[in-house]
Amino acid sequence: MSVVFKKTPVLTDTIMHYCPGCGHGIVHRLVAEVIEELGIQDRTIGFVPVGCAVFGYKYFDIDCVEAAHGRAPAAATGCKRVNPHNVVFTYQGDGDLASIGAAEIVHAAHRGEKITTIFINNAIYGMTGGQMAPTTLVGQKTTTSPYGRDPEHCGKPIRIAEMIATIEGAAYVERVSVDSTPNIRKAKAAIKKAFQCQLDGKGFALVEVLSSCPTNWGKSPSEAMDWIKSDMIPYYPLGVKKDITNE
Amino acid sequence: MAKKLMKGSEAIPEAAIQAGCRFFFGYPITPQNDIPEYMSARLPKIEGGCFLQAESEVAAINMVYGAAAAGARVMTSSSSPGVSLKQEGISYIAGAELPCVICNMMRGGPGLGSIQPSQGDYFQATKGGGHGDYHLIVLAPSSVQEAVDLMHTAFDLADIYRTPVMLLADGIIGQMMEPVEFHEHEKRELPEKPWAVTGYDPKSGRKRSIVNSLYIEVDELQEMNDRLQARYKEIQEKEVMVEKYNTEGAEVIICAYGTVARICKSAIAICAEKGVKVGLIRPITLWPFPEKELNEVMAQDSVKRELTVEISAGQMHEDVRLAINGAKPTDFYGKPGSYTPTAEEIAEYILKTREA
């Protein structure tokens, strides 16, 4: 019998703690498959965040570092500078990267740090129980915006991919989504390109992944995927925001 | 090697390099800018060396975290307000059991304080500083030469005990020029770093390295804390360093560290001229604090009382009182902020309080 699908060995057999319908499981698989396909398992170091992916080190079968909230790009910088032959990536959520770690991600990009960042944008703080994130959509109800996000009060959601794309040191920036099979395939291609960018020594690469949080959005898994399409993508347009990898 | 006239904050980074430090991450703050400046000139000229100016002290200490996780000898330096910003990272480094060296050239506080010397960060340095039950090994040089020598000790202790080590100096040590000699140091046996994240090959037989301070299960966190506490106990037993000066048959024992201890030696000479014998206990390790050594000196029949002298409101004096535990009277002389007392002032206080 021919094998049509098998789990990549770069994921451990540990059962993931993610909620049903959460996008993290998909993105973990994509990252692990890319590491396998590029043949870099034995030299890749993962820096996982504070947030829902805090246990990422249990799932990626590679050497891992658990970083402080928002500080993964700084910690990854230290590691990459010590061992430049290592492939170093950070995996961060929107509270971690877009809020508390805004300075660290901007300056890692600004330095053209040769690392790869996978940024999960699910428009909410998941791990802490559904508070408003910088990425929370206008009108979106969360536990700290119970009447819906009011832009007069706390601004409009931040578009990280577009912001990072303005920075000289960023070599490749793309926003993708995991709401549908075609988009998941595109997401994997983007993640692969972001790792290849590092392997080629081109500079900083970031892939923003629009992802689902059915638990904290108060939606079923399929409703959550629909909401990415109907509400998130119109505000967070998909596509390549910057690519100088061929220059 | 011949002696060289060097500023403390240039001698310290040179000593760090000679001790094998190849990575430095820092952020400018007065009065320690010569340290990153020196590193920025030297490290790029050394094979495998890297100096990087971080966007903040917060980022700098997290770069140290990442570099230490990768197995490097790595260091950062700052001054009081900057060291406050590093506390989160230091707690993570302690929790993840990583070695590194942090230099704090103390300036006056609280808040933005001053840029003059101070000893107001004693509590922060010796009691933990960040969240959780941890300690740093805290080394307090009182001369540029001693700072140079202690850099070797600092990196070795960090590696041996897998712990952050702090060189806690006042701004005077950084700004003062003194003759220094860089000589060979006794090589201590250093452990390998199999825990470092360098890349995991499932076929290699080495375990996957995970650098982490998250232990979500109560039992596992307990185990980590027990491991830390056992290590701290071993450090307390083995690594105390202290200078005893003129203590035999002394009537008064001064306890002071850093530059203040040197001023106290001049005060001791003034008192001697007046026929009053005063001795000095100078902790070189502020943590572990030399409790036993202090009490041995205090136990002499000749000793009537103790006097702690600091540029603080009496932070180390709390440890002195805990150590002496009421066996003999203790007293404090000093001011918080940045006022460095003179030898005459200290001697006058000793002589005046004697008459009283």
# chains A, B, ... in the order shown; residues from 1 in each chain; ligands from 1
>>> residues_around(residues="Ile268 (chain B)", least_positions_apart="3", cutoff="8 Å", atoms="only C-alpha atoms", output="number ranges by chain")
B: 264-265, 271-272, 277-279, 347
>>> write_last_selection(atoms="C-alpha atoms", output="CSV table (one decimal), in the first residue's frame")
chain,number,residue,atom,x,y,z
B,264,CYS,CA,37.7,52.6,55.7
B,265,LYS,CA,41.4,51.4,55.6
B,271,CYS,CA,42.0,55.8,64.4
B,272,ALA,CA,45.3,54.0,65.0
B,277,LYS,CA,42.5,49.7,67.1
B,278,VAL,CA,39.9,49.2,64.4
B,279,GLY,CA,39.7,46.3,62.0
B,347,ALA,CA,37.2,58.0,61.8
>>> interface_residues(of="chain A", to="chain B", cutoff="7 Å", atoms="only C-alpha atoms", output="PyMOL selection string")
chain A and resi 41-45+57+62-66+71+74-79+82+86+104+107
>>> atom_distance(atom1="CA of Gly20 (chain B)", atom2="CA of Asn104 (chain B)")
19.5 Å
>>> select_by_dssp(residues="region 103-341 of chain B", states="strand (DSSP E or B)", output="ChimeraX atom specification")
/B:103-107,117,137-139,164-170,177-180,210-211,242-245,252-255,278-283,285-287,305-310,330-334
>>> write_last_selection(atoms="N, CA and C atoms", output="compact mmCIF listing (two decimals), in the first residue's frame")
# COMPACT_ATOMS: atom_id res chain seq x y z
N CYS B 103 27.75 42.85 34.74
CA CYS B 103 28.49 43.83 35.50
C CYS B 103 27.57 45.02 35.80
N ASN B 104 27.48 45.39 37.06
CA ASN B 104 26.70 46.56 37.46
C ASN B 104 27.61 47.60 38.09
N MET B 105 27.80 48.71 37.38
CA MET B 105 28.55 49.85 37.93
C MET B 105 27.53 50.76 38.60
N MET B 106 27.37 50.55 39.90
CA MET B 106 26.26 51.21 40.59
C MET B 106 26.35 52.73 40.61
N ARG B 107 25.21 53.36 40.30
CA ARG B 107 25.07 54.80 40.43
C ARG B 107 23.91 55.09 41.39
N PRO B 117 28.87 57.57 42.08
CA PRO B 117 28.91 56.21 42.66
C PRO B 117 27.87 56.01 43.75
N ILE B 137 25.60 34.88 42.30
CA ILE B 137 26.86 35.05 43.01
C ILE B 137 27.25 36.50 42.77
N VAL B 138 27.53 37.23 43.84
CA VAL B 138 27.81 38.67 43.70
C VAL B 138 29.22 38.97 44.17
N LEU B 139 30.05 39.47 43.26
CA LEU B 139 31.45 39.76 43.56
C LEU B 139 31.66 41.26 43.60
N PRO B 164 23.94 32.84 36.82
CA PRO B 164 24.45 34.18 36.54
C PRO B 164 25.30 34.69 37.70
N VAL B 165 26.39 35.36 37.35
CA VAL B 165 27.28 35.95 38.36
C VAL B 165 27.32 37.45 38.12
N MET B 166 27.20 38.22 39.18
CA MET B 166 27.24 39.67 39.03
C MET B 166 28.51 40.25 39.62
N LEU B 167 29.17 41.08 38.83
CA LEU B 167 30.27 41.89 39.36
C LEU B 167 29.62 43.21 39.77
N LEU B 168 29.57 43.43 41.08
CA LEU B 168 28.89 44.62 41.60
C LEU B 168 29.93 45.63 42.06
N ALA B 169 30.09 46.67 41.27
CA ALA B 169 31.09 47.68 41.61
C ALA B 169 30.42 49.04 41.65
N ASP B 170 30.99 49.92 42.45
CA ASP B 170 30.46 51.28 42.43
C ASP B 170 31.14 52.03 41.29
N MET B 177 41.57 55.23 37.55
CA MET B 177 42.71 54.60 36.86
C MET B 177 43.67 54.06 37.90
N GLU B 178 44.11 52.83 37.71
CA GLU B 178 45.08 52.23 38.62
C GLU B 178 46.01 51.33 37.82
N PRO B 179 47.19 51.05 38.37
CA PRO B 179 48.06 50.09 37.70
C PRO B 179 47.48 48.68 37.83
N VAL B 180 47.41 47.98 36.72
CA VAL B 180 46.90 46.61 36.78
C VAL B 180 47.83 45.67 36.03
N ILE B 210 16.71 21.35 25.75
CA ILE B 210 15.62 22.31 25.90
C ILE B 210 16.01 23.27 27.02
N VAL B 211 16.18 24.53 26.66
CA VAL B 211 16.52 25.54 27.66
C VAL B 211 15.23 26.23 28.06
N VAL B 242 36.57 36.73 51.36
CA VAL B 242 36.53 37.85 52.29
C VAL B 242 37.96 38.30 52.58
N GLU B 243 38.14 39.59 52.79
CA GLU B 243 39.43 40.09 53.26
C GLU B 243 39.29 40.52 54.71
N LYS B 244 40.24 40.06 55.53
CA LYS B 244 40.30 40.52 56.92
C LYS B 244 41.49 41.46 57.02
N TYR B 245 41.27 42.61 57.55
CA TYR B 245 42.33 43.62 57.63
C TYR B 245 42.41 44.16 59.04
N VAL B 252 36.99 47.78 67.41
CA VAL B 252 35.83 47.99 66.53
C VAL B 252 36.09 47.24 65.22
N ILE B 253 35.07 46.56 64.72
CA ILE B 253 35.18 45.91 63.40
C ILE B 253 34.27 46.64 62.43
N ILE B 254 34.90 47.16 61.38
CA ILE B 254 34.11 47.77 60.30
C ILE B 254 33.77 46.68 59.29
N CYS B 255 32.55 46.71 58.78
CA CYS B 255 32.19 45.85 57.66
C CYS B 255 31.86 46.77 56.49
N VAL B 278 41.10 49.53 65.14
CA VAL B 278 39.90 49.22 64.35
C VAL B 278 40.29 48.24 63.25
N GLY B 279 39.48 47.25 63.04
CA GLY B 279 39.73 46.27 61.98
C GLY B 279 38.64 46.33 60.91
N LEU B 280 38.87 45.60 59.83
CA LEU B 280 37.92 45.62 58.71
C LEU B 280 37.64 44.21 58.22
N ILE B 281 36.37 43.94 58.05
CA ILE B 281 35.96 42.72 57.33
C ILE B 281 35.39 43.21 56.00
N ARG B 282 36.01 42.77 54.92
CA ARG B 282 35.55 43.23 53.61
C ARG B 282 35.02 42.03 52.81
N PRO B 283 33.70 41.91 52.72
CA PRO B 283 33.18 40.82 51.89
C PRO B 283 33.58 41.05 50.43
N THR B 285 32.76 38.36 48.27
CA THR B 285 31.46 37.84 47.81
C THR B 285 30.40 38.46 48.70
N LEU B 286 29.53 39.26 48.09
CA LEU B 286 28.41 39.82 48.89
C LEU B 286 27.33 38.76 49.04
N TRP B 287 27.16 37.96 48.00
CA TRP B 287 26.42 36.70 48.14
C TRP B 287 27.28 35.63 47.52
N ARG B 305 32.26 46.21 69.33
CA ARG B 305 31.12 46.53 68.47
C ARG B 305 31.50 46.46 66.99
N GLU B 306 30.48 46.49 66.18
CA GLU B 306 30.66 46.46 64.72
C GLU B 306 30.09 47.74 64.14
N LEU B 307 30.69 48.19 63.03
CA LEU B 307 30.17 49.35 62.32
C LEU B 307 30.16 49.05 60.82
N THR B 308 28.98 49.11 60.22
CA THR B 308 28.89 48.91 58.77
C THR B 308 28.93 50.28 58.09
N VAL B 309 29.75 50.41 57.07
CA VAL B 309 29.84 51.67 56.32
C VAL B 309 29.47 51.40 54.86
N GLU B 310 28.50 52.14 54.36
CA GLU B 310 28.04 51.94 52.97
C GLU B 310 27.56 53.25 52.38
N THR B 330 25.83 46.45 66.89
CA THR B 330 26.23 46.84 65.54
C THR B 330 25.71 48.25 65.29
N ASP B 331 26.35 48.94 64.38
CA ASP B 331 25.98 50.33 64.08
C ASP B 331 26.17 50.55 62.59
N PHE B 332 25.59 51.63 62.10
CA PHE B 332 25.70 51.93 60.67
C PHE B 332 26.14 53.37 60.45
N TYR B 333 27.04 53.56 59.49
CA TYR B 333 27.41 54.90 59.08
C TYR B 333 27.35 54.97 57.56
N GLY B 334 26.69 55.98 57.07
CA GLY B 334 26.61 56.13 55.62
C GLY B 334 25.35 56.87 55.24
>>> atom_distance(atom1="CA of Ala170 (chain A)", atom2="CA of Tyr236 (chain A)")
19.0 Å
>>> residues_around(residues="Lys114 (chain A)", least_positions_apart="3", cutoff="6 Å", atoms="only C-alpha atoms", output="PDB file with C-alpha atoms, in the first residue's frame")
ATOM      1  CA  GLN A 198      18.004  32.418   6.269  1.00  0.00           C
ATOM      2  CA  GLY A 203      18.497  38.676   6.116  1.00  0.00           C
ATOM      3  CA  PHE A 204      15.464  38.730   8.340  1.00  0.00           C
TER       4      PHE A 204
END
>>> atom_distance(atom1="CA of His69 (chain A)", atom2="CA of Thr135 (chain A)")
16.6 Å
>>> closest_residue(among="A:Lys188, A:Lys58, A:Lys202, A:Lys193", to="Val27 (chain A)", atoms="only C-alpha atoms")
A:Lys188
